>>> print(open('my_file-v6.txt').read())   # compact mmCIF, C-alpha atoms and all ligand atoms
# COMPACT_ATOMS: atom_id res chain seq x y z
CA MET H 208 97.29 -175.23 187.71
CA SER H 209 94.57 -172.62 187.65
CA GLN H 210 94.29 -169.40 185.73
CA ASP H 211 93.49 -165.98 187.03
CA ALA H 212 90.01 -164.48 186.95
CA THR H 213 90.32 -163.07 183.44
CA SER H 214 91.60 -166.15 181.64
CA GLU H 215 89.97 -169.27 180.26
CA GLY H 216 89.17 -170.65 183.70
CA ASP H 217 86.54 -168.00 184.17
CA LEU H 218 83.01 -168.96 183.24
CA ARG H 219 82.13 -165.34 182.58
CA ASN H 220 83.90 -165.73 179.25
CA THR H 221 82.11 -168.91 178.24
CA GLY H 222 78.64 -167.53 177.69
CA MET H 223 77.27 -169.07 180.92
CA SER H 224 75.80 -166.31 183.02
CA LEU H 225 76.37 -166.33 186.77
CA LYS H 226 74.45 -164.55 189.47
CA HIS H 227 77.56 -163.01 191.07
CA ASP H 228 80.67 -161.33 189.74
CA ARG H 229 83.85 -162.80 191.17
CA GLU H 230 87.31 -161.33 191.63
CA TRP H 231 88.89 -164.74 192.20
CA ASP H 232 88.74 -167.80 190.01
CA TYR H 233 86.78 -170.34 192.03
CA GLU H 234 87.33 -172.94 189.29
CA LEU H 235 83.61 -173.59 189.08
CA GLU H 236 83.81 -175.65 185.91
CA GLN H 237 86.16 -178.12 187.58
CA ILE H 238 83.71 -178.47 190.46
CA VAL H 239 80.70 -178.86 188.15
CA GLU H 240 82.56 -181.50 186.15
CA ALA H 241 83.39 -183.48 189.30
CA ILE H 242 79.76 -183.26 190.44
CA GLU H 243 78.49 -184.56 187.11
CA GLU H 244 81.14 -187.26 186.80
CA ARG H 245 80.34 -188.66 190.24
CA ASP H 246 76.63 -188.03 189.96
CA ALA H 247 77.03 -186.23 193.30
CA LYS H 248 73.93 -185.14 195.17
CA ARG H 249 75.54 -183.59 198.25
CA VAL H 250 78.43 -181.16 197.90
CA GLY H 251 80.38 -179.63 200.79
CA LEU H 252 82.05 -176.22 200.43
CA GLN H 253 84.69 -175.10 202.92
CA PHE H 254 86.20 -171.61 202.94
CA PRO H 255 88.93 -170.18 205.18
CA GLU H 256 87.85 -167.51 207.64
CA GLY H 257 88.69 -164.54 205.39
CA LEU H 258 86.61 -165.91 202.51
CA LYS H 259 83.60 -167.32 204.33
CA ARG H 260 81.50 -164.32 203.35
CA ARG H 261 81.90 -165.32 199.69
CA GLY H 262 80.48 -168.79 200.35
CA PRO H 263 76.79 -168.07 199.65
CA ALA H 264 77.60 -166.35 196.33
CA VAL H 265 79.73 -169.30 195.19
CA ALA H 266 76.94 -171.69 196.27
CA ASP H 267 74.45 -169.58 194.26
CA ASP H 268 76.64 -169.77 191.16
CA LEU H 269 77.08 -173.52 191.52
CA ARG H 270 73.34 -174.02 192.04
CA GLN H 271 72.77 -172.23 188.79
CA LEU H 272 75.19 -174.52 186.96
CA CYS H 273 74.01 -177.84 188.43
CA ASP H 274 70.82 -179.92 188.48
CA ASP H 275 68.18 -178.96 191.04
CA ASP H 276 68.66 -182.14 193.04
CA VAL H 277 72.25 -181.24 194.05
CA THR H 278 72.46 -179.79 197.58
CA PHE H 279 75.32 -177.48 198.53
CA MET H 280 76.40 -177.25 202.16
CA LEU H 281 78.71 -174.61 203.60
CA SER H 282 81.06 -175.55 206.41
CA GLY H 283 80.73 -173.21 209.38
CA GLN H 284 83.72 -174.72 211.16
CA PRO H 285 86.75 -172.46 211.69
CA CYS H 286 89.34 -173.00 208.97
CA TYR H 287 92.92 -171.74 208.78
CA GLY H 288 94.72 -174.26 206.59
CA ALA H 289 94.51 -177.40 204.48
CA CYS H 290 95.33 -179.17 207.76
CA ASP H 291 91.88 -178.16 208.82
CA LEU H 292 89.40 -180.03 206.59
CA ASP H 293 85.86 -180.30 207.94
CA THR H 294 85.86 -184.08 208.22
CA TYR H 295 82.29 -184.22 209.56
CA LEU H 296 80.96 -182.52 206.44
CA MET H 297 83.39 -184.37 204.20
CA ARG H 298 82.06 -187.75 205.35
CA ARG H 299 78.51 -186.67 204.58
CA THR H 300 79.06 -185.35 201.08
CA ASP H 301 79.88 -186.92 197.68
CA VAL H 302 82.20 -184.09 196.66
CA PHE H 303 84.00 -181.84 199.12
CA VAL H 304 85.57 -178.57 197.93
CA HIS H 305 88.23 -176.85 200.03
CA PHE H 306 88.94 -173.27 198.92
CA GLY H 307 91.95 -171.09 199.63
CA HIS H 308 94.67 -173.67 200.33
CA SER H 309 96.78 -176.04 198.28
CA PRO H 310 96.46 -179.81 198.84
CA MET H 311 98.14 -181.22 201.93
CA LYS H 312 96.99 -184.66 200.96
CA GLU H 313 95.13 -185.73 197.83
CA SER H 314 91.93 -187.74 197.97
CA ASP H 315 89.35 -188.67 195.31
CA LYS H 316 86.59 -186.90 197.13
CA ILE H 317 88.35 -183.58 197.81
CA ILE H 318 88.80 -180.79 195.28
CA TYR H 319 91.27 -178.13 196.40
CA VAL H 320 90.84 -174.68 194.88
CA PRO H 321 93.85 -172.62 195.98
CA LEU H 322 92.51 -169.25 194.68
CA PHE H 323 95.55 -167.74 193.04
CA SER H 324 96.09 -164.02 193.41
CA ASN H 325 96.20 -161.82 190.33
CA VAL H 326 98.27 -159.08 191.98
CA ASP H 327 101.44 -158.11 190.08
CA PRO H 328 104.45 -158.98 192.32
CA PHE H 329 107.18 -157.38 190.19
CA PRO H 330 107.00 -153.69 191.17
CA ILE H 331 107.47 -154.55 194.85
CA MET H 332 110.14 -157.16 194.04
CA GLU H 333 112.04 -154.37 192.27
CA ASP H 334 111.99 -152.33 195.51
CA ALA H 335 113.07 -155.36 197.54
CA LEU H 336 116.28 -155.84 195.54
CA ASP H 337 117.98 -153.06 197.58
CA ASP H 338 117.73 -155.25 200.70
CA ILE H 339 119.15 -158.44 199.17
CA GLU H 340 122.79 -158.52 200.19
CA GLY H 341 124.31 -161.32 198.06
CA ASP H 342 124.09 -162.61 194.47
CA GLU H 343 122.41 -165.82 195.56
CA VAL H 344 118.88 -165.67 196.86
CA GLY H 345 116.27 -168.16 198.03
CA LEU H 346 112.75 -167.51 196.78
CA VAL H 347 109.61 -168.52 198.68
CA THR H 348 105.94 -167.63 198.54
CA THR H 349 102.51 -168.85 199.61
CA ALA H 350 100.01 -170.95 197.67
CA GLN H 351 98.21 -167.74 196.58
CA HIS H 352 101.14 -166.54 194.47
CA MET H 353 102.34 -169.90 193.15
CA ASN H 354 100.88 -169.18 189.72
CA ARG H 355 103.68 -166.58 189.26
CA PHE H 356 106.52 -168.49 190.93
CA GLU H 357 108.39 -169.47 187.76
CA ASP H 358 108.05 -165.93 186.39
CA MET H 359 109.47 -164.60 189.67
CA CYS H 360 112.50 -166.93 189.39
CA ASP H 361 113.10 -165.85 185.76
CA TRP H 362 112.71 -162.20 186.72
CA LEU H 363 115.39 -162.49 189.44
CA GLU H 364 117.71 -164.44 187.16
CA GLU H 365 117.38 -161.79 184.44
CA ARG H 366 118.67 -159.33 187.06
CA GLY H 367 121.77 -161.40 187.70
CA TYR H 368 120.76 -163.41 190.79
CA THR H 369 121.27 -167.12 191.23
CA VAL H 370 117.92 -168.26 192.53
CA GLN H 371 117.75 -171.19 194.92
CA THR H 372 114.45 -173.00 195.39
CA ARG H 373 113.33 -176.31 196.80
CA LYS H 374 110.12 -178.22 197.28
CA GLY H 375 110.33 -178.85 201.02
CA ASP H 376 108.53 -181.91 202.36
CA ASP H 377 105.22 -183.66 201.76
CA ARG H 378 103.22 -181.14 203.78
CA LEU H 379 103.89 -178.70 200.93
CA THR H 380 102.46 -178.95 197.42
CA TYR H 381 104.73 -176.68 195.39
CA GLU H 382 108.38 -175.82 194.96
CA GLY H 383 109.14 -172.68 197.00
CA GLN H 384 105.89 -172.85 198.97
CA VAL H 385 105.82 -172.07 202.69
CA LEU H 386 103.15 -172.69 205.33
CA GLY H 387 102.86 -171.02 208.69
CA CYS H 388 104.24 -174.21 210.23
CA ASN H 389 106.65 -175.43 207.57
CA TYR H 390 109.61 -173.65 205.98
CA ALA H 391 111.45 -176.67 204.57
CA SER H 392 111.46 -174.92 201.17
CA ALA H 393 113.88 -172.34 202.64
CA ASP H 394 116.48 -174.99 203.58
CA ILE H 395 118.82 -173.64 200.92
CA PRO H 396 122.43 -172.43 201.21
CA ALA H 397 121.77 -168.75 200.28
CA ASP H 398 121.95 -166.26 203.18
CA ASP H 399 119.20 -164.09 201.66
CA VAL H 400 115.65 -165.32 201.28
CA LEU H 401 113.09 -163.26 199.40
CA TYR H 402 109.53 -163.88 200.56
CA VAL H 403 106.88 -162.62 198.16
CA GLY H 404 103.42 -162.45 199.68
CA GLY H 405 100.95 -160.56 201.81
CA GLY H 406 101.49 -159.85 205.52
CA LYS H 407 104.13 -160.88 208.02
CA PHE H 408 102.66 -164.12 209.33
CA HIS H 409 104.68 -166.41 207.06
CA PRO H 410 108.00 -164.50 206.89
CA LEU H 411 108.16 -164.13 210.68
CA GLY H 412 107.87 -167.89 211.06
CA LEU H 413 110.46 -168.28 208.33
CA ALA H 414 112.89 -165.95 210.11
CA MET H 415 112.34 -167.76 213.42
CA GLU H 416 112.99 -171.11 211.76
CA HIS H 417 116.07 -169.73 209.90
CA PRO H 418 117.48 -167.09 212.29
CA ASP H 419 120.77 -166.90 210.38
CA LYS H 420 119.11 -165.73 207.14
CA ASN H 421 118.24 -162.24 205.94
CA VAL H 422 114.52 -162.59 205.22
CA VAL H 423 113.34 -159.82 202.90
CA ILE H 424 109.56 -159.39 202.66
CA ALA H 425 108.18 -158.12 199.35
CA ASP H 426 104.50 -157.64 200.07
CA PRO H 427 102.60 -156.94 196.83
CA VAL H 428 99.27 -156.77 198.64
CA ASN H 429 100.19 -153.91 201.00
CA ASN H 430 102.88 -152.64 198.62
CA VAL H 431 105.70 -152.55 201.18
CA VAL H 432 109.17 -154.03 201.67
CA THR H 433 110.39 -154.94 205.17
CA ILE H 434 112.98 -157.15 206.81
CA ALA H 435 111.59 -159.83 209.09
CA ASP H 436 112.44 -158.99 212.69
CA THR H 437 111.81 -161.74 215.22
CA ARG H 438 113.05 -159.97 218.39
CA LYS H 439 109.58 -159.27 219.81
CA PHE H 440 108.49 -162.84 219.09
CA MET H 441 111.58 -164.39 220.65
CA LYS H 442 111.25 -162.23 223.77
CA GLN H 443 107.69 -163.47 224.18
CA ARG H 444 108.78 -167.07 223.79
CA TYR H 445 111.53 -166.78 226.40
CA ALA H 446 109.11 -165.04 228.79
CA SER H 447 106.55 -167.86 228.42
CA VAL H 448 109.19 -170.54 229.04
CA HIS H 449 110.41 -168.71 232.15
CA LYS H 450 106.87 -168.37 233.51
CA ALA H 451 106.26 -172.11 232.99
CA MET H 452 109.42 -173.23 234.77
CA ASP H 453 107.63 -173.51 238.14
CA ALA H 454 104.56 -175.24 236.69
CA GLU H 455 103.49 -178.49 238.31
CA LYS H 456 100.24 -179.35 236.56
CA TRP H 457 100.50 -179.42 232.78
CA GLY H 458 97.70 -179.57 230.21
CA VAL H 459 98.93 -181.34 227.06
CA ILE H 460 96.80 -180.37 224.11
CA PHE H 461 96.09 -182.77 221.29
CA CYS H 462 94.29 -181.06 218.44
CA THR H 463 91.75 -183.25 216.64
CA LYS H 464 91.94 -181.37 213.33
CA ILE H 465 92.87 -183.89 210.65
CA GLY H 466 96.27 -182.40 209.78
CA GLN H 467 97.35 -181.21 213.23
CA GLY H 468 97.63 -184.40 215.26
CA ARG H 469 100.96 -185.17 216.92
CA MET H 470 99.87 -187.86 219.36
CA GLU H 471 103.31 -189.45 219.75
CA ILE H 472 104.71 -186.16 221.07
CA ALA H 473 101.78 -185.76 223.46
CA GLU H 474 102.11 -189.37 224.66
CA LYS H 475 105.83 -188.99 225.29
CA ILE H 476 105.15 -186.04 227.61
CA LEU H 477 102.46 -188.00 229.49
CA GLU H 478 104.79 -190.98 229.83
CA ASP H 479 107.49 -188.87 231.48
CA ASN H 480 105.34 -186.59 233.62
CA GLU H 481 102.68 -187.88 235.99
CA ASN H 482 101.36 -184.32 236.47
CA ALA H 483 100.53 -183.97 232.77
CA TYR H 484 96.96 -184.41 231.49
CA LEU H 485 95.94 -184.91 227.88
CA ILE H 486 93.26 -182.51 226.68
CA THR H 487 91.74 -183.15 223.25
CA MET H 488 90.06 -180.35 221.36
CA ASP H 489 89.33 -179.26 217.78
CA GLU H 490 89.85 -175.53 218.29
CA VAL H 491 92.47 -174.32 220.76
CA THR H 492 91.22 -171.02 222.19
CA PRO H 493 91.79 -169.15 225.47
CA ASP H 494 88.07 -169.49 226.37
CA ARG H 495 88.05 -173.24 226.02
CA LEU H 496 91.07 -173.66 228.27
CA ARG H 497 90.07 -171.18 230.93
CA ASN H 498 88.16 -173.73 233.03
CA PHE H 499 91.07 -176.14 233.21
CA ASP H 500 92.98 -175.70 236.42
CA MET H 501 96.50 -176.09 235.02
CA ASP H 502 99.74 -174.19 235.67
CA ALA H 503 100.82 -174.32 232.02
CA PHE H 504 99.92 -175.88 228.68
CA VAL H 505 101.85 -177.58 225.90
CA ASN H 506 100.31 -177.38 222.44
CA THR H 507 101.03 -180.26 220.06
CA GLY H 508 98.59 -178.82 217.45
CA CYS H 509 99.17 -175.80 215.19
CA PRO H 510 102.45 -174.12 216.29
CA ARG H 511 101.12 -170.69 215.35
CA ILE H 512 98.42 -170.85 218.03
CA THR H 513 101.29 -171.09 220.50
CA THR H 514 103.56 -168.43 219.03
CA ASP H 515 101.00 -165.92 217.75
CA ASP H 516 98.12 -166.30 220.22
CA GLY H 517 100.22 -167.44 223.20
CA PRO H 518 99.92 -164.21 225.21
CA ARG H 519 96.10 -164.42 225.06
CA PHE H 520 95.96 -167.61 227.16
CA HIS H 521 95.53 -167.32 230.94
CA LYS H 522 98.51 -169.61 231.60
CA PRO H 523 101.79 -170.05 229.67
CA MET H 524 101.28 -171.92 226.40
CA LEU H 525 104.42 -173.69 225.15
CA THR H 526 105.53 -175.65 222.12
CA PRO H 527 106.71 -179.24 222.80
CA GLN H 528 110.37 -178.19 222.70
CA GLU H 529 109.73 -175.22 224.97
CA TYR H 530 108.12 -177.68 227.41
CA ARG H 531 111.35 -179.75 227.41
CA ILE H 532 113.29 -176.58 228.17
CA ALA H 533 110.90 -175.55 230.96
CA VAL H 534 111.22 -178.94 232.69
CA GLY H 535 115.01 -178.90 232.32
CA ASP H 536 115.47 -181.56 229.63
CA GLU H 537 117.01 -179.07 227.18
CA PRO H 538 118.99 -175.84 227.67
CA LEU H 539 117.28 -172.47 227.15
CA ASP H 540 119.57 -171.51 224.28
CA ALA H 541 118.39 -174.55 222.28
CA LEU H 542 115.02 -172.81 221.72
CA GLU H 543 113.81 -173.23 218.13
CA PHE H 544 110.68 -172.45 216.19
CA ASP H 545 108.17 -175.32 216.25
CA THR H 546 107.52 -176.71 212.78
CA PHE H 547 105.12 -179.34 211.60
CA HIS H 548 106.01 -182.04 209.12
CA GLY H 549 104.06 -184.76 207.37
CA THR H 550 100.36 -184.87 206.59
CA TRP H 551 98.05 -187.34 208.32
S1 LIG Q 1 99.13 -176.30 211.34
FE1 LIG Q 1 98.70 -174.09 211.54
S2 LIG Q 1 100.29 -173.08 210.35
FE2 LIG Q 1 100.25 -175.22 209.72
S3 LIG Q 1 98.93 -175.29 207.91
FE3 LIG Q 1 97.66 -175.72 209.73
S4 LIG Q 1 96.80 -173.72 210.35
FE4 LIG Q 1 98.56 -173.33 208.97
>>> encode(input="my_file-v6.txt", output="structure tokens", more="lines below")
Ligand code: SF4
Amino acid sequence: MSQDATSEGDLRNTGMSLKHDREWDYELEQIVEAIEERDAKRVGLQFPEGLKRRGPAVADDLRQLCDDDVTFMLSGQPCYGACDLDTYLMRRTDVFVHFGHSPMKESDKIIYVPLFSNVDPFPIMEDALDDIEGDEVGLVTTAQHMNRFEDMCDWLEERGYTVQTRKGDDRLTYEGQVLGCNYASADIPADDVLYVGGGKFHPLGLAMEHPDKNVVIADPVNNVVTIADTRKFMKQRYASVHKAMDAEKWGVIFCTKIGQGRMEIAEKILEDNENAYLITMDEVTPDRLRNFDMDAFVNTGCPRITTDDGPRFHKPMLTPQEYRIAVGDEPLDALEFDTFHGTW
């Protein structure tokens, strides 16, 4: 597990001077070690969208720490998760570093640098206690705050709560970790779940997947406590299903990103529906689908493209289960959040 930017994992304290100051710990010494060990000459660096602007500075620092004959290459592909490794670049490099996400699947060539946050979660957790109704509480967070997870459990226990945690499935690396598409770590008996982390993206998915739970959001980044409210989301989902009920021609999307492929689901739809057409693509965007003359789409790739970006597409975009509802194979009230399990 990594340290935060002020601890021993930071090269600024080792006497090695770097060109750029960093607020995150990019674990450069681990990367340099792997490069030397493997005598690597070509190194790929992949950052998620929000951190891409840091890429050149990290490359500069690494260049300074490595021999001149090592080439660093930045991935310009879109990246939103560990499901989204740049396989083209990975195949052409000796070491491939993926920043900002925890491992979805380990491999000798890939180094994952999750970039743990150094924000203090306890003041906002204190505020969140007012919204926890019972004595038993589930605790979940994202990869960015995993370095404090045990401390968070102890903190809650010291305040009299019985804390329930679980590891989830093999798409998740850590106990208590959630992804935008996987909330198996919240499959616990407690009615209250405390989510500690920035933004509403993860807790909204969590509340949709577990509609019977009180999901309390303690956001230490924006310093606010809220209760996850899925009404707007659910309304949108029902509206999309209704709109797609008359559809005749269906586009079935298979996403070619390494950790987003669900071909068996796509094939099942094609098998049962002669008006369904398989469309393969690496990035599912409204622009790329606009030229396809379909009445509706089913997305077997990232579920959050469907639920969060759905209204931006020119035709209804459904999850695989919503498709089954729209064609009459399942009742409307069976509607559930689409989750993604397994790796690749
Ligand atoms: S499939 Fe979507 S939600 Fe799941 S990890 Fe990938 S980008 Fe995140």
>>> atom_distance(input="my_file-v6.txt", atom1="CA of Met441 in chain H", atom2="CA of Glu478 in chain H")
28.9 Å
>>> residues_near_ligand(input="my_file-v6.txt", ligand="ligand LIG 1 (chain Q)", cutoff="7 Å", atoms="all atoms listed in the file", output="list of chain:residue names")
H:Tyr287, H:Gly288, H:Ala289, H:Cys290, H:Asp291, H:Leu386, H:Gly387, H:Cys388, H:Asn389, H:Gly466, H:Gln467, H:Gly508, H:Cys509, H:Pro510, H:Arg511, H:Phe547
>>> write_last_selection(input="my_file-v6.txt", atoms="C-alpha atoms", output="PDB file, keeping the file's coordinate frame")
ATOM      1  CA  TYR H 287      92.920-171.740 208.780  1.00  0.00           C
ATOM      2  CA  GLY H 288      94.720-174.260 206.590  1.00  0.00           C
ATOM      3  CA  ALA H 289      94.510-177.400 204.480  1.00  0.00           C
ATOM      4  CA  CYS H 290      95.330-179.170 207.760  1.00  0.00           C
ATOM      5  CA  ASP H 291      91.880-178.160 208.820  1.00  0.00           C
ATOM      6  CA  LEU H 386     103.150-172.690 205.330  1.00  0.00           C
ATOM      7  CA  GLY H 387     102.860-171.020 208.690  1.00  0.00           C
ATOM      8  CA  CYS H 388     104.240-174.210 210.230  1.00  0.00           C
ATOM      9  CA  ASN H 389     106.650-175.430 207.570  1.00  0.00           C
ATOM     10  CA  GLY H 466      96.270-182.400 209.780  1.00  0.00           C
ATOM     11  CA  GLN H 467      97.350-181.210 213.230  1.00  0.00           C
ATOM     12  CA  GLY H 508      98.590-178.820 217.450  1.00  0.00           C
ATOM     13  CA  CYS H 509      99.170-175.800 215.190  1.00  0.00           C
ATOM     14  CA  PRO H 510     102.450-174.120 216.290  1.00  0.00           C
ATOM     15  CA  ARG H 511     101.120-170.690 215.350  1.00  0.00           C
ATOM     16  CA  PHE H 547     105.120-179.340 211.600  1.00  0.00           C
TER      17      PHE H 547
END
>>> atom_distance(input="my_file-v6.txt", atom1="CA of Met470 in chain H", atom2="CA of Glu382 in chain H")
28.5 Å
>>> residues_around(input="my_file-v6.txt", residues="range 238-242 of chain H", least_positions_apart="2", cutoff="12 Å", atoms="all atoms listed in the file", output="MDAnalysis selection string")
chainID H and resid 216 218 232:236 244:252 265:266 268:274 276:279 300:306 315:320
>>> atom_distance(input="my_file-v6.txt", atom1="CA of His409 in chain H", atom2="CA of Asn506 in chain H")
19.4 Å
>>> decode(input="my_file-v6.txt", residues="range 470-507 of chain H", atoms="C-alpha atoms", output="mmCIF file, in the first residue's frame")
data_model
loop_
_atom_site.group_PDB
_atom_site.id
_atom_site.type_symbol
_atom_site.label_atom_id
_atom_site.label_comp_id
_atom_site.auth_asym_id
_atom_site.auth_seq_id
_atom_site.Cartn_x
_atom_site.Cartn_y
_atom_site.Cartn_z
ATOM 1 C CA MET H 470 -20.234 -10.493 -25.463
ATOM 2 C CA GLU H 471 -22.451 -13.308 -24.163
ATOM 3 C CA ILE H 472 -25.144 -10.790 -23.213
ATOM 4 C CA ALA H 473 -24.878 -9.085 -26.603
ATOM 5 C CA GLU H 474 -25.013 -12.431 -28.426
ATOM 6 C CA LYS H 475 -28.085 -13.543 -26.501
ATOM 7 C CA ILE H 476 -29.952 -10.422 -27.658
ATOM 8 C CA LEU H 477 -28.906 -11.011 -31.284
ATOM 9 C CA GLU H 478 -29.972 -14.645 -31.071
ATOM 10 C CA ASP H 479 -33.479 -13.701 -29.946
ATOM 11 C CA ASN H 480 -34.054 -10.610 -32.075
ATOM 12 C CA GLU H 481 -33.536 -10.558 -35.829
ATOM 13 C CA ASN H 482 -33.856 -6.750 -35.838
ATOM 14 C CA ALA H 483 -30.849 -6.340 -33.552
ATOM 15 C CA TYR H 484 -27.420 -5.383 -34.932
ATOM 16 C CA LEU H 485 -24.125 -5.665 -33.095
ATOM 17 C CA ILE H 486 -22.079 -2.466 -33.081
ATOM 18 C CA THR H 487 -18.538 -2.667 -31.718
ATOM 19 C CA MET H 488 -16.794 0.445 -30.469
ATOM 20 C CA ASP H 489 -14.125 1.497 -27.962
ATOM 21 C CA GLU H 490 -15.773 4.725 -26.819
ATOM 22 C CA VAL H 491 -19.559 4.942 -26.635
ATOM 23 C CA THR H 492 -20.518 8.545 -27.369
ATOM 24 C CA PRO H 493 -23.633 10.243 -28.809
ATOM 25 C CA ASP H 494 -21.620 11.484 -31.834
ATOM 26 C CA ARG H 495 -20.416 8.048 -32.798
ATOM 27 C CA LEU H 496 -23.911 6.594 -32.725
ATOM 28 C CA ARG H 497 -25.677 9.432 -34.470
ATOM 29 C CA ASN H 498 -25.168 8.015 -37.968
ATOM 30 C CA PHE H 499 -26.673 4.654 -37.105
ATOM 31 C CA ASP H 500 -30.284 4.492 -38.137
ATOM 32 C CA MET H 501 -31.634 2.630 -35.099
ATOM 33 C CA ASP H 502 -34.772 3.096 -32.998
ATOM 34 C CA ALA H 503 -32.980 2.310 -29.730
ATOM 35 C CA PHE H 504 -29.678 1.025 -28.352
ATOM 36 C CA VAL H 505 -28.664 -1.486 -25.699
ATOM 37 C CA ASN H 506 -25.293 -0.913 -24.064
ATOM 38 C CA THR H 507 -23.425 -3.985 -22.822
#
